[in-house]
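Written below as structure tokens is the structure these notes are about.
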Amino acid sequence: MTGRTPRLSRLRRAVPESRAARPVEARGARPRRRGTQPKVVALGGGMGLSASLAALRRITGDLTAVVTVADDGGSSGRLRDELGVLPPGDLRKALAALCGDDDWGQTWSRVIQHRFHSKGDLHDHAVGNLLIVALWEQLGDHVQALDLVGKLLGAHGRVLPMSAVPLELQALVKGHDPDQPEAVDTVRGQANVALTPGEVQSVHVVPSDPPAVPEAVAAVRDADWVVLGPGSWFSSVIPHLLVPELLDALTETKARRVLSLNLAPQPGETEGFSPQRHLEVLGRHAPKLALDVVLADEAAVPDRDVLTEAAKRLGAAVELAPVARPDGTPRHDPELLAAAYDRIFRMHGRIGPWR
């Protein structure tokens, strides 16, 4: 990447640390004393990670998002193809989710999520994608650029890419071609994997041994809690387990690990999956990874006993809680999810002040 310019170096120093106020406590949660907040790292991508971050920022001020970099569709895919950069879209969504609820935070959240609509080359590009890529080119450093955007937005946390290189997601899919329902084909690209009409059997990334971002590895190793999911199972959640250094950190960290399940199967990727099958698939991709807690919405679990047995095989207990939006849509409610995370951290975490 290009070297840092003096103008951008001055700008990076000039941006205030954070305009965001202290994180709002989860509904019904007891207030924490200063200095006793858990260090939390959330892994994922897309709207699932955004939901988790919108909840977690309400209960801790020490929050890091580690984001997948395999997206190859839309604005991100075009920038990736044209400039050879990491796909910025999921990173942008994570930053938007960490914006505060005040006017500053909500204004910037809308700005970076804004997409241009035209008949020209700018059509469907998101403002935040262009901003992130511009800072990557100016500063020559992925992490410093994302930190700078976070400061500008007043983000309640830090956003890091999981790998220093863009990844291609590949999947073995049974029945990808409807005319050959028993055939197993290799489907390339996150966008294609997410939309396949077939049954995804496994995924891997290219390159097969991608370098992890050191700051992401360090954050996982130093965390009190690591949160994995919710999100697109094969294209946003499991890819973190395919980066060797990151998987080693997840396996060896002293942090407790919570897996947050989706509210419903995803058309294409996990069509027809039961909650326990999500666990089985994850276990096949990372057989040495143990979990502490599996969080699921109580209305999305038809058989708690079967899910409990599947969770036990990963070393985890099951926590059921109402975390869906009251309107019936399969989307997480930030306050309800925050309350669930807060209860898990208190019930399953360390006794006494954090750290």
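Residue numbering restarts at 1 in every chain; chains get A, B, ... in the order shown in the structure tokens, and ligands count up from 1 in that same order.
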Would you mind listing, for every residue of segment 222-285 of chain A within 10 Å of segment 320-339 of chain A, the two atoms forming the shortest contact and the distance between them in Å to one decimal, using only C-alpha atoms, sorted by chain and ascending residue number, as JSON lines?
{"residue": "A:Pro230", "atom": "CA", "partner": "A:His332", "partner_atom": "CA", "distance": 9.3}
{"residue": "A:Ser260", "atom": "CA", "partner": "A:Leu337", "partner_atom": "CA", "distance": 9.7}
{"residue": "A:Asn262", "atom": "CA", "partner": "A:Pro330", "partner_atom": "CA", "distance": 8.4}
{"residue": "A:Leu263", "atom": "CA", "partner": "A:Pro330", "partner_atom": "CA", "distance": 5.6}
{"residue": "A:Ala264", "atom": "CA", "partner": "A:Pro330", "partner_atom": "CA", "distance": 6.4}
{"residue": "A:Pro265", "atom": "CA", "partner": "A:Pro330", "partner_atom": "CA", "distance": 9.6}
For the residues selected in the previous step, produce a file with all heavy atoms as an mmCIF file, in the first residue's frame.
data_model
loop_
_atom_site.group_PDB
_atom_site.id
_atom_site.type_symbol
_atom_site.label_atom_id
_atom_site.label_comp_id
_atom_site.auth_asym_id
_atom_site.auth_seq_id
_atom_site.Cartn_x
_atom_site.Cartn_y
_atom_site.Cartn_z
ATOM 1 N N PRO A 230 -24.417 -13.814 15.442
ATOM 2 C CA PRO A 230 -25.122 -14.502 14.356
ATOM 3 C C PRO A 230 -24.642 -14.013 12.997
ATOM 4 O O PRO A 230 -23.780 -13.135 12.917
ATOM 5 C CB PRO A 230 -26.581 -14.111 14.608
ATOM 6 C CG PRO A 230 -26.484 -12.732 15.198
ATOM 7 C CD PRO A 230 -25.255 -12.762 16.063
ATOM 8 N N SER A 260 -23.738 -17.203 19.024
ATOM 9 C CA SER A 260 -25.099 -16.678 18.925
ATOM 10 C C SER A 260 -25.739 -17.203 17.644
ATOM 11 O O SER A 260 -25.257 -16.922 16.535
ATOM 12 C CB SER A 260 -25.075 -15.149 18.924
ATOM 13 O OG SER A 260 -26.373 -14.610 18.953
ATOM 14 N N ASN A 262 -28.639 -17.931 14.655
ATOM 15 C CA ASN A 262 -29.566 -17.125 13.869
ATOM 16 C C ASN A 262 -31.002 -17.378 14.300
ATOM 17 O O ASN A 262 -31.318 -18.401 14.922
ATOM 18 C CB ASN A 262 -29.405 -17.441 12.385
ATOM 19 C CG ASN A 262 -28.036 -17.030 11.853
ATOM 20 O OD1 ASN A 262 -27.417 -16.113 12.375
ATOM 21 N ND2 ASN A 262 -27.571 -17.713 10.824
ATOM 22 N N LEU A 263 -31.866 -16.468 13.923
ATOM 23 C CA LEU A 263 -33.281 -16.596 14.268
ATOM 24 C C LEU A 263 -34.018 -17.530 13.329
ATOM 25 O O LEU A 263 -35.076 -18.066 13.684
ATOM 26 C CB LEU A 263 -33.941 -15.209 14.247
ATOM 27 C CG LEU A 263 -33.404 -14.210 15.269
ATOM 28 C CD1 LEU A 263 -33.988 -12.835 15.009
ATOM 29 C CD2 LEU A 263 -33.713 -14.666 16.679
ATOM 30 N N ALA A 264 -33.470 -17.735 12.135
ATOM 31 C CA ALA A 264 -34.119 -18.602 11.149
ATOM 32 C C ALA A 264 -33.074 -19.062 10.149
ATOM 33 O O ALA A 264 -32.052 -18.400 9.970
ATOM 34 C CB ALA A 264 -35.237 -17.839 10.428
ATOM 35 N N PRO A 265 -33.296 -20.202 9.503
ATOM 36 C CA PRO A 265 -32.379 -20.628 8.443
ATOM 37 C C PRO A 265 -32.330 -19.587 7.329
ATOM 38 O O PRO A 265 -33.312 -18.883 7.073
ATOM 39 C CB PRO A 265 -32.985 -21.941 7.945
ATOM 40 C CG PRO A 265 -33.855 -22.418 9.059
ATOM 41 C CD PRO A 265 -34.381 -21.180 9.711
#
Can you check which parts of segment 163-222 of chain A lie within 12 Å of segment 73-96 of chain A? Per residue, the shortest pair of atoms and distance in Å to one decimal, counting only C-alpha atoms, sorted by chain and number, as CSV.
residue,atom,partner,partner_atom,distance
A:Ser163,CA,A:Leu86,CA,8.9
A:Ala164,CA,A:Leu86,CA,7.7
A:Val165,CA,A:Leu86,CA,6.3
A:Pro166,CA,A:Leu86,CA,4.9
A:Leu167,CA,A:Leu86,CA,8.3
A:Glu168,CA,A:Pro87,CA,10.8
A:Leu169,CA,A:Gly73,CA,11.9
A:Arg188,CA,A:Gly73,CA,11.9
A:Gly189,CA,A:Gly73,CA,8.4
A:Gln190,CA,A:Gly73,CA,7.6
A:Ala191,CA,A:Gly73,CA,5.6
A:Asn192,CA,A:Gly73,CA,8.8
A:Val193,CA,A:Gly73,CA,11.1
A:Ala194,CA,A:Gly73,CA,10.5
A:Leu195,CA,A:Gly73,CA,11.4
Since we have the selection now, will you write its residues out, keeping all heavy atoms, as a JSON list (two decimals), in the first residue's frame?
[["chain", "number", "residue", "atom", "x", "y", "z"],
["A", 163, "SER", "N", -8.26, -10.69, 8.13],
["A", 163, "SER", "CA", -7.07, -11.03, 7.37],
["A", 163, "SER", "C", -6.55, -9.80, 6.66],
["A", 163, "SER", "O", -7.32, -8.87, 6.35],
["A", 163, "SER", "CB", -7.36, -12.14, 6.36],
["A", 163, "SER", "OG", -6.22, -12.43, 5.57],
["A", 164, "ALA", "N", -5.26, -9.81, 6.36],
["A", 164, "ALA", "CA", -4.63, -8.67, 5.70],
["A", 164, "ALA", "C", -4.75, -8.74, 4.18],
["A", 164, "ALA", "O", -4.33, -7.82, 3.49],
["A", 164, "ALA", "CB", -3.16, -8.60, 6.09],
["A", 165, "VAL", "N", -5.33, -9.82, 3.67],
["A", 165, "VAL", "CA", -5.50, -9.96, 2.22],
["A", 165, "VAL", "C", -6.95, -10.33, 1.92],
["A", 165, "VAL", "O", -7.61, -10.99, 2.73],
["A", 165, "VAL", "CB", -4.56, -11.05, 1.64],
["A", 165, "VAL", "CG1", -3.10, -10.68, 1.88],
["A", 165, "VAL", "CG2", -4.86, -12.42, 2.23],
["A", 166, "PRO", "N", -7.47, -9.89, 0.77],
["A", 166, "PRO", "CA", -8.83, -10.29, 0.40],
["A", 166, "PRO", "C", -8.89, -11.79, 0.13],
["A", 166, "PRO", "O", -7.98, -12.36, -0.47],
["A", 166, "PRO", "CB", -9.12, -9.47, -0.86],
["A", 166, "PRO", "CG", -7.78, -9.09, -1.40],
["A", 166, "PRO", "CD", -6.86, -8.99, -0.23],
["A", 167, "LEU", "N", -9.97, -12.43, 0.58],
["A", 167, "LEU", "CA", -10.10, -13.88, 0.47],
["A", 167, "LEU", "C", -11.19, -14.23, -0.53],
["A", 167, "LEU", "O", -12.16, -13.50, -0.69],
["A", 167, "LEU", "CB", -10.44, -14.49, 1.83],
["A", 167, "LEU", "CG", -9.49, -14.15, 2.98],
["A", 167, "LEU", "CD1", -9.98, -14.80, 4.27],
["A", 167, "LEU", "CD2", -8.07, -14.59, 2.67],
["A", 168, "GLU", "N", -11.01, -15.37, -1.17],
["A", 168, "GLU", "CA", -12.07, -15.92, -2.00],
["A", 168, "GLU", "C", -12.68, -17.10, -1.26],
["A", 168, "GLU", "O", -11.97, -18.03, -0.87],
["A", 168, "GLU", "CB", -11.55, -16.40, -3.36],
["A", 168, "GLU", "CG", -12.67, -16.99, -4.23],
["A", 168, "GLU", "CD", -12.17, -17.59, -5.53],
["A", 168, "GLU", "OE1", -11.59, -18.69, -5.49],
["A", 168, "GLU", "OE2", -12.37, -16.94, -6.56],
["A", 169, "LEU", "N", -13.98, -17.06, -1.06],
["A", 169, "LEU", "CA", -14.68, -18.16, -0.42],
["A", 169, "LEU", "C", -15.08, -19.19, -1.47],
["A", 169, "LEU", "O", -15.62, -18.83, -2.52],
["A", 169, "LEU", "CB", -15.92, -17.64, 0.31],
["A", 169, "LEU", "CG", -16.65, -18.64, 1.21],
["A", 169, "LEU", "CD1", -15.83, -18.94, 2.45],
["A", 169, "LEU", "CD2", -18.01, -18.09, 1.61],
["A", 188, "ARG", "N", -17.67, -20.78, -6.30],
["A", 188, "ARG", "CA", -16.65, -19.79, -5.95],
["A", 188, "ARG", "C", -17.29, -18.42, -5.72],
["A", 188, "ARG", "O", -18.13, -17.99, -6.51],
["A", 188, "ARG", "CB", -15.58, -19.70, -7.04],
["A", 188, "ARG", "CG", -14.75, -20.99, -7.18],
["A", 188, "ARG", "CD", -13.80, -20.92, -8.37],
["A", 188, "ARG", "NE", -12.89, -22.07, -8.34],
["A", 188, "ARG", "CZ", -13.18, -23.26, -8.82],
["A", 188, "ARG", "NH1", -14.39, -23.48, -9.35],
["A", 188, "ARG", "NH2", -12.30, -24.24, -8.77],
["A", 189, "GLY", "N", -16.83, -17.76, -4.65],
["A", 189, "GLY", "CA", -17.28, -16.41, -4.37],
["A", 189, "GLY", "C", -18.36, -16.35, -3.30],
["A", 189, "GLY", "O", -19.31, -17.14, -3.33],
["A", 190, "GLN", "N", -18.20, -15.43, -2.37],
["A", 190, "GLN", "CA", -19.13, -15.34, -1.26],
["A", 190, "GLN", "C", -20.55, -15.08, -1.74],
["A", 190, "GLN", "O", -21.51, -15.66, -1.23],
["A", 190, "GLN", "CB", -18.70, -14.23, -0.30],
["A", 190, "GLN", "CG", -19.55, -14.14, 0.96],
["A", 190, "GLN", "CD", -19.16, -12.98, 1.84],
["A", 190, "GLN", "OE1", -18.95, -11.87, 1.37],
["A", 190, "GLN", "NE2", -19.04, -13.23, 3.14],
["A", 191, "ALA", "N", -20.70, -14.19, -2.72],
["A", 191, "ALA", "CA", -22.04, -13.87, -3.21],
["A", 191, "ALA", "C", -22.72, -15.09, -3.79],
["A", 191, "ALA", "O", -23.92, -15.31, -3.58],
["A", 191, "ALA", "CB", -21.96, -12.75, -4.25],
["A", 192, "ASN", "N", -21.98, -15.91, -4.53],
["A", 192, "ASN", "CA", -22.57, -17.12, -5.11],
["A", 192, "ASN", "C", -22.87, -18.17, -4.05],
["A", 192, "ASN", "O", -23.90, -18.86, -4.13],
["A", 192, "ASN", "CB", -21.61, -17.71, -6.16],
["A", 192, "ASN", "CG", -21.48, -16.83, -7.38],
["A", 192, "ASN", "OD1", -22.42, -16.16, -7.78],
["A", 192, "ASN", "ND2", -20.30, -16.82, -7.98],
["A", 193, "VAL", "N", -22.00, -18.30, -3.06],
["A", 193, "VAL", "CA", -22.24, -19.27, -1.98],
["A", 193, "VAL", "C", -23.50, -18.89, -1.21],
["A", 193, "VAL", "O", -24.32, -19.75, -0.86],
["A", 193, "VAL", "CB", -21.03, -19.35, -1.04],
["A", 193, "VAL", "CG1", -21.35, -20.20, 0.19],
["A", 193, "VAL", "CG2", -19.81, -19.92, -1.77],
["A", 194, "ALA", "N", -23.66, -17.60, -0.95],
["A", 194, "ALA", "CA", -24.82, -17.15, -0.17],
["A", 194, "ALA", "C", -26.14, -17.41, -0.89],
["A", 194, "ALA", "O", -27.17, -17.56, -0.23],
["A", 194, "ALA", "CB", -24.67, -15.66, 0.15],
["A", 195, "LEU", "N", -26.11, -17.46, -2.21],
["A", 195, "LEU", "CA", -27.35, -17.57, -2.97],
["A", 195, "LEU", "C", -27.55, -18.94, -3.61],
["A", 195, "LEU", "O", -28.52, -19.13, -4.35],
["A", 195, "LEU", "CB", -27.37, -16.50, -4.07],
["A", 195, "LEU", "CG", -27.39, -15.05, -3.59],
["A", 195, "LEU", "CD1", -27.29, -14.10, -4.77],
["A", 195, "LEU", "CD2", -28.64, -14.76, -2.77]]
Pull the strand (DSSP E or B) assignments for segment 93-332 of chain A out of DSSP run on the backbone, and list those residues as a PDB file with N, CA and C atoms, in the first residue's frame.
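The resulting file, part.pdb, is reproduced below:
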ATOM      1  N   ARG A 115     -25.950   5.194  -0.218  1.00  0.00           N
ATOM      2  CA  ARG A 115     -25.526   4.711  -1.530  1.00  0.00           C
ATOM      3  C   ARG A 115     -25.955   5.697  -2.614  1.00  0.00           C
ATOM      4  N   ALA A 126     -21.334   2.761  -1.836  1.00  0.00           N
ATOM      5  CA  ALA A 126     -21.634   3.322  -0.522  1.00  0.00           C
ATOM      6  C   ALA A 126     -20.566   4.351  -0.158  1.00  0.00           C
ATOM      7  N   ARG A 158     -13.847  -0.762  18.283  1.00  0.00           N
ATOM      8  CA  ARG A 158     -12.838  -0.809  17.218  1.00  0.00           C
ATOM      9  C   ARG A 158     -13.230  -1.852  16.192  1.00  0.00           C
ATOM     10  N   VAL A 159     -12.906  -1.597  14.924  1.00  0.00           N
ATOM     11  CA  VAL A 159     -13.207  -2.525  13.837  1.00  0.00           C
ATOM     12  C   VAL A 159     -11.910  -2.943  13.163  1.00  0.00           C
ATOM     13  N   LEU A 160     -11.710  -4.254  13.017  1.00  0.00           N
ATOM     14  CA  LEU A 160     -10.499  -4.804  12.417  1.00  0.00           C
ATOM     15  C   LEU A 160     -10.875  -5.837  11.365  1.00  0.00           C
ATOM     16  N   PRO A 161     -10.123  -5.901  10.258  1.00  0.00           N
ATOM     17  CA  PRO A 161     -10.324  -7.009   9.319  1.00  0.00           C
ATOM     18  C   PRO A 161      -9.700  -8.280   9.885  1.00  0.00           C
ATOM     19  N   SER A 163      -8.260 -10.685   8.132  1.00  0.00           N
ATOM     20  CA  SER A 163      -7.068 -11.029   7.372  1.00  0.00           C
ATOM     21  C   SER A 163      -6.550  -9.795   6.655  1.00  0.00           C
ATOM     22  N   GLU A 168     -11.008 -15.366  -1.172  1.00  0.00           N
ATOM     23  CA  GLU A 168     -12.074 -15.920  -2.000  1.00  0.00           C
ATOM     24  C   GLU A 168     -12.683 -17.099  -1.265  1.00  0.00           C
ATOM     25  N   LEU A 169     -13.980 -17.060  -1.061  1.00  0.00           N
ATOM     26  CA  LEU A 169     -14.679 -18.163  -0.415  1.00  0.00           C
ATOM     27  C   LEU A 169     -15.077 -19.185  -1.475  1.00  0.00           C
ATOM     28  N   GLN A 170     -14.801 -20.452  -1.185  1.00  0.00           N
ATOM     29  CA  GLN A 170     -15.206 -21.536  -2.073  1.00  0.00           C
ATOM     30  C   GLN A 170     -15.972 -22.565  -1.251  1.00  0.00           C
ATOM     31  N   ALA A 171     -16.989 -23.157  -1.874  1.00  0.00           N
ATOM     32  CA  ALA A 171     -17.834 -24.114  -1.163  1.00  0.00           C
ATOM     33  C   ALA A 171     -18.073 -25.349  -2.020  1.00  0.00           C
ATOM     34  N   LEU A 172     -18.137 -26.492  -1.336  1.00  0.00           N
ATOM     35  CA  LEU A 172     -18.612 -27.714  -1.974  1.00  0.00           C
ATOM     36  C   LEU A 172     -20.116 -27.764  -1.775  1.00  0.00           C
ATOM     37  N   VAL A 173     -20.848 -27.785  -2.876  1.00  0.00           N
ATOM     38  CA  VAL A 173     -22.306 -27.667  -2.821  1.00  0.00           C
ATOM     39  C   VAL A 173     -22.942 -28.834  -3.573  1.00  0.00           C
ATOM     40  N   LYS A 174     -23.821 -29.514  -2.884  1.00  0.00           N
ATOM     41  CA  LYS A 174     -24.587 -30.596  -3.504  1.00  0.00           C
ATOM     42  C   LYS A 174     -25.859 -30.019  -4.106  1.00  0.00           C
ATOM     43  N   VAL A 184     -21.976 -32.845  -6.775  1.00  0.00           N
ATOM     44  CA  VAL A 184     -21.302 -31.917  -5.861  1.00  0.00           C
ATOM     45  C   VAL A 184     -20.357 -31.045  -6.681  1.00  0.00           C
ATOM     46  N   ASP A 185     -20.573 -29.751  -6.633  1.00  0.00           N
ATOM     47  CA  ASP A 185     -19.768 -28.800  -7.396  1.00  0.00           C
ATOM     48  C   ASP A 185     -19.063 -27.833  -6.459  1.00  0.00           C
ATOM     49  N   THR A 186     -17.971 -27.250  -6.950  1.00  0.00           N
ATOM     50  CA  THR A 186     -17.288 -26.180  -6.233  1.00  0.00           C
ATOM     51  C   THR A 186     -17.879 -24.843  -6.673  1.00  0.00           C
ATOM     52  N   VAL A 187     -18.420 -24.106  -5.726  1.00  0.00           N
ATOM     53  CA  VAL A 187     -18.991 -22.784  -5.993  1.00  0.00           C
ATOM     54  C   VAL A 187     -18.023 -21.740  -5.467  1.00  0.00           C
ATOM     55  N   ARG A 188     -17.665 -20.784  -6.303  1.00  0.00           N
ATOM     56  CA  ARG A 188     -16.653 -19.790  -5.949  1.00  0.00           C
ATOM     57  C   ARG A 188     -17.286 -18.421  -5.725  1.00  0.00           C
ATOM     58  N   GLU A 199     -27.198 -27.561  -1.400  1.00  0.00           N
ATOM     59  CA  GLU A 199     -26.850 -27.780   0.002  1.00  0.00           C
ATOM     60  C   GLU A 199     -25.341 -27.602   0.186  1.00  0.00           C
ATOM     61  N   VAL A 200     -24.957 -26.577   0.937  1.00  0.00           N
ATOM     62  CA  VAL A 200     -23.541 -26.336   1.201  1.00  0.00           C
ATOM     63  C   VAL A 200     -23.036 -27.407   2.167  1.00  0.00           C
ATOM     64  N   GLN A 201     -21.973 -28.105   1.773  1.00  0.00           N
ATOM     65  CA  GLN A 201     -21.429 -29.164   2.616  1.00  0.00           C
ATOM     66  C   GLN A 201     -20.197 -28.716   3.390  1.00  0.00           C
ATOM     67  N   SER A 202     -19.385 -27.868   2.780  1.00  0.00           N
ATOM     68  CA  SER A 202     -18.206 -27.338   3.468  1.00  0.00           C
ATOM     69  C   SER A 202     -17.713 -26.116   2.711  1.00  0.00           C
ATOM     70  N   VAL A 203     -16.912 -25.309   3.400  1.00  0.00           N
ATOM     71  CA  VAL A 203     -16.324 -24.126   2.764  1.00  0.00           C
ATOM     72  C   VAL A 203     -14.834 -24.070   3.091  1.00  0.00           C
ATOM     73  N   HIS A 204     -14.095 -23.415   2.217  1.00  0.00           N
ATOM     74  CA  HIS A 204     -12.696 -23.118   2.478  1.00  0.00           C
ATOM     75  C   HIS A 204     -12.369 -21.785   1.807  1.00  0.00           C
ATOM     76  N   VAL A 205     -11.196 -21.247   2.099  1.00  0.00           N
ATOM     77  CA  VAL A 205     -10.823 -19.951   1.544  1.00  0.00           C
ATOM     78  C   VAL A 205      -9.560 -20.096   0.702  1.00  0.00           C
ATOM     79  N   VAL A 206      -9.403 -19.171  -0.235  1.00  0.00           N
ATOM     80  CA  VAL A 206      -8.215 -19.058  -1.067  1.00  0.00           C
ATOM     81  C   VAL A 206      -7.680 -17.639  -0.898  1.00  0.00           C
ATOM     82  N   ALA A 212      -3.409 -13.537   9.219  1.00  0.00           N
ATOM     83  CA  ALA A 212      -4.348 -12.815  10.082  1.00  0.00           C
ATOM     84  C   ALA A 212      -3.794 -11.430  10.387  1.00  0.00           C
ATOM     85  N   TRP A 225     -14.457 -12.132  26.725  1.00  0.00           N
ATOM     86  CA  TRP A 225     -15.490 -12.867  26.012  1.00  0.00           C
ATOM     87  C   TRP A 225     -15.268 -12.722  24.521  1.00  0.00           C
ATOM     88  N   VAL A 226     -15.462 -13.806  23.792  1.00  0.00           N
ATOM     89  CA  VAL A 226     -15.481 -13.785  22.327  1.00  0.00           C
ATOM     90  C   VAL A 226     -16.875 -14.209  21.881  1.00  0.00           C
ATOM     91  N   VAL A 227     -17.485 -13.406  21.020  1.00  0.00           N
ATOM     92  CA  VAL A 227     -18.828 -13.674  20.509  1.00  0.00           C
ATOM     93  C   VAL A 227     -18.722 -14.015  19.027  1.00  0.00           C
ATOM     94  N   LEU A 228     -19.238 -15.173  18.641  1.00  0.00           N
ATOM     95  CA  LEU A 228     -19.223 -15.622  17.254  1.00  0.00           C
ATOM     96  C   LEU A 228     -20.671 -15.742  16.780  1.00  0.00           C
ATOM     97  N   ARG A 256     -13.909 -16.618  27.504  1.00  0.00           N
ATOM     98  CA  ARG A 256     -15.057 -17.495  27.325  1.00  0.00           C
ATOM     99  C   ARG A 256     -15.685 -17.185  25.973  1.00  0.00           C
ATOM    100  N   ARG A 257     -16.266 -18.213  25.356  1.00  0.00           N
ATOM    101  CA  ARG A 257     -16.744 -18.094  23.984  1.00  0.00           C
ATOM    102  C   ARG A 257     -18.246 -18.362  23.925  1.00  0.00           C
ATOM    103  N   VAL A 258     -18.964 -17.422  23.318  1.00  0.00           N
ATOM    104  CA  VAL A 258     -20.405 -17.588  23.147  1.00  0.00           C
ATOM    105  C   VAL A 258     -20.722 -17.599  21.661  1.00  0.00           C
ATOM    106  N   LEU A 259     -21.536 -18.543  21.252  1.00  0.00           N
ATOM    107  CA  LEU A 259     -21.998 -18.639  19.870  1.00  0.00           C
ATOM    108  C   LEU A 259     -23.456 -18.213  19.837  1.00  0.00           C
ATOM    109  N   SER A 260     -23.738 -17.203  19.024  1.00  0.00           N
ATOM    110  CA  SER A 260     -25.099 -16.678  18.925  1.00  0.00           C
ATOM    111  C   SER A 260     -25.739 -17.203  17.644  1.00  0.00           C
ATOM    112  N   VAL A 293     -20.951 -21.091  25.777  1.00  0.00           N
ATOM    113  CA  VAL A 293     -22.393 -20.827  25.780  1.00  0.00           C
ATOM    114  C   VAL A 293     -22.895 -20.771  24.345  1.00  0.00           C
ATOM    115  N   VAL A 294     -24.051 -21.351  24.106  1.00  0.00           N
ATOM    116  CA  VAL A 294     -24.775 -21.189  22.851  1.00  0.00           C
ATOM    117  C   VAL A 294     -26.044 -20.407  23.159  1.00  0.00           C
ATOM    118  N   LEU A 295     -26.197 -19.252  22.528  1.00  0.00           N
ATOM    119  CA  LEU A 295     -27.360 -18.391  22.743  1.00  0.00           C
ATOM    120  C   LEU A 295     -28.332 -18.554  21.581  1.00  0.00           C
ATOM    121  N   ALA A 296     -29.591 -18.793  21.888  1.00  0.00           N
ATOM    122  CA  ALA A 296     -30.612 -18.935  20.850  1.00  0.00           C
ATOM    123  C   ALA A 296     -31.906 -18.291  21.313  1.00  0.00           C
ATOM    124  N   ASP A 297     -32.675 -17.831  20.354  1.00  0.00           N
ATOM    125  CA  ASP A 297     -34.003 -17.313  20.674  1.00  0.00           C
ATOM    126  C   ASP A 297     -34.909 -18.483  21.026  1.00  0.00           C
ATOM    127  N   ALA A 317     -22.999 -24.757  27.281  1.00  0.00           N
ATOM    128  CA  ALA A 317     -24.348 -24.743  27.830  1.00  0.00           C
ATOM    129  C   ALA A 317     -25.242 -23.941  26.896  1.00  0.00           C
ATOM    130  N   VAL A 318     -26.539 -24.185  26.950  1.00  0.00           N
ATOM    131  CA  VAL A 318     -27.500 -23.475  26.109  1.00  0.00           C
ATOM    132  C   VAL A 318     -28.224 -22.433  26.937  1.00  0.00           C
ATOM    133  N   GLU A 319     -28.305 -21.235  26.406  1.00  0.00           N
ATOM    134  CA  GLU A 319     -29.092 -20.166  27.013  1.00  0.00           C
ATOM    135  C   GLU A 319     -30.154 -19.727  26.013  1.00  0.00           C
ATOM    136  N   LEU A 320     -31.411 -19.843  26.409  1.00  0.00           N
ATOM    137  CA  LEU A 320     -32.519 -19.399  25.567  1.00  0.00           C
ATOM    138  C   LEU A 320     -33.050 -18.080  26.096  1.00  0.00           C
ATOM    139  N   ALA A 321     -33.296 -17.150  25.188  1.00  0.00           N
ATOM    140  CA  ALA A 321     -33.798 -15.836  25.587  1.00  0.00           C
ATOM    141  C   ALA A 321     -34.568 -15.231  24.429  1.00  0.00           C
ATOM    142  N   ALA A 324     -35.555 -11.700  19.500  1.00  0.00           N
ATOM    143  CA  ALA A 324     -36.080 -11.249  18.211  1.00  0.00           C
ATOM    144  C   ALA A 324     -36.900  -9.978  18.380  1.00  0.00           C
ATOM    145  N   HIS A 332     -32.751  -9.449  15.006  1.00  0.00           N
ATOM    146  CA  HIS A 332     -32.511  -9.305  16.441  1.00  0.00           C
ATOM    147  C   HIS A 332     -32.870  -7.901  16.926  1.00  0.00           C
TER     148      HIS A 332
END
(message) I'd like the contact shell of His240 of chain A - 9 Å cut-off, only C-alpha atoms, skipping same-chain residues fewer than 6 positions apart - returned as a PyMOL selection string.
(response) chain A and resi 43-44+66-68+162+246-247
Next, write the just-selected residues to a file, as a JSON list (two decimals), in the first residue's frame, keeping N, CA, C and O atoms as the atom set.
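Result file follows (selection34.json):
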[["chain", "number", "residue", "atom", "x", "y", "z"],
["A", 43, "LEU", "N", -16.98, -11.57, 16.33],
["A", 43, "LEU", "CA", -16.52, -12.00, 15.02],
["A", 43, "LEU", "C", -17.71, -12.27, 14.11],
["A", 43, "LEU", "O", -18.72, -12.83, 14.55],
["A", 44, "GLY", "N", -17.58, -11.87, 12.85],
["A", 44, "GLY", "CA", -18.65, -12.13, 11.90],
["A", 44, "GLY", "C", -18.56, -11.19, 10.72],
["A", 44, "GLY", "O", -17.48, -10.73, 10.33],
["A", 66, "VAL", "N", -14.08, -8.12, 14.73],
["A", 66, "VAL", "CA", -13.16, -8.73, 13.77],
["A", 66, "VAL", "C", -14.02, -9.22, 12.61],
["A", 66, "VAL", "O", -14.88, -10.09, 12.79],
["A", 67, "VAL", "N", -13.77, -8.67, 11.42],
["A", 67, "VAL", "CA", -14.72, -8.75, 10.31],
["A", 67, "VAL", "C", -14.16, -9.57, 9.15],
["A", 67, "VAL", "O", -12.98, -9.42, 8.78],
["A", 68, "THR", "N", -15.01, -10.40, 8.58],
["A", 68, "THR", "CA", -14.61, -11.19, 7.43],
["A", 68, "THR", "C", -14.28, -10.30, 6.23],
["A", 68, "THR", "O", -14.82, -9.20, 6.08],
["A", 162, "MET", "N", -10.25, -9.45, 9.55],
["A", 162, "MET", "CA", -9.71, -10.69, 10.09],
["A", 162, "MET", "C", -8.42, -11.10, 9.39],
["A", 162, "MET", "O", -7.58, -11.78, 9.97],
["A", 246, "LEU", "N", -5.92, -17.03, 13.47],
["A", 246, "LEU", "CA", -7.11, -16.61, 14.20],
["A", 246, "LEU", "C", -7.76, -17.80, 14.89],
["A", 246, "LEU", "O", -8.22, -17.71, 16.04],
["A", 247, "LEU", "N", -7.80, -18.95, 14.21],
["A", 247, "LEU", "CA", -8.35, -20.15, 14.83],
["A", 247, "LEU", "C", -7.51, -20.57, 16.03],
["A", 247, "LEU", "O", -8.05, -20.97, 17.07]]
(request) Looking only at alpha helix (DSSP H) from DSSP on the backbone, list the matching residues of segment 237-335 of chain A as number ranges by chain. (result) A: 244-252, 275-285, 304-312, 334-335
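Between atom CA of His285 of chain A and atom CA of Pro239 of chain A the interatomic distance comes to 9.4 Å.
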Please produce, as a Markdown table, a per-residue contact table for segment 203-306 of chain A versus segment 132-143 of chain A (criterion: any atom at most 12 Å away, only C-alpha atoms considered), showing the nearest atom pair and its distance in Å to one decimal, sorted by chain then residue number.
| residue | atom | partner | partner_atom | distance |
| --- | --- | --- | --- | --- |
| A:Val213 | CA | A:Val143 | CA | 8.6 |
| A:Pro214 | CA | A:Val143 | CA | 9.9 |
| A:Glu215 | CA | A:Val143 | CA | 8.1 |
| A:Ala216 | CA | A:Val143 | CA | 9.7 |
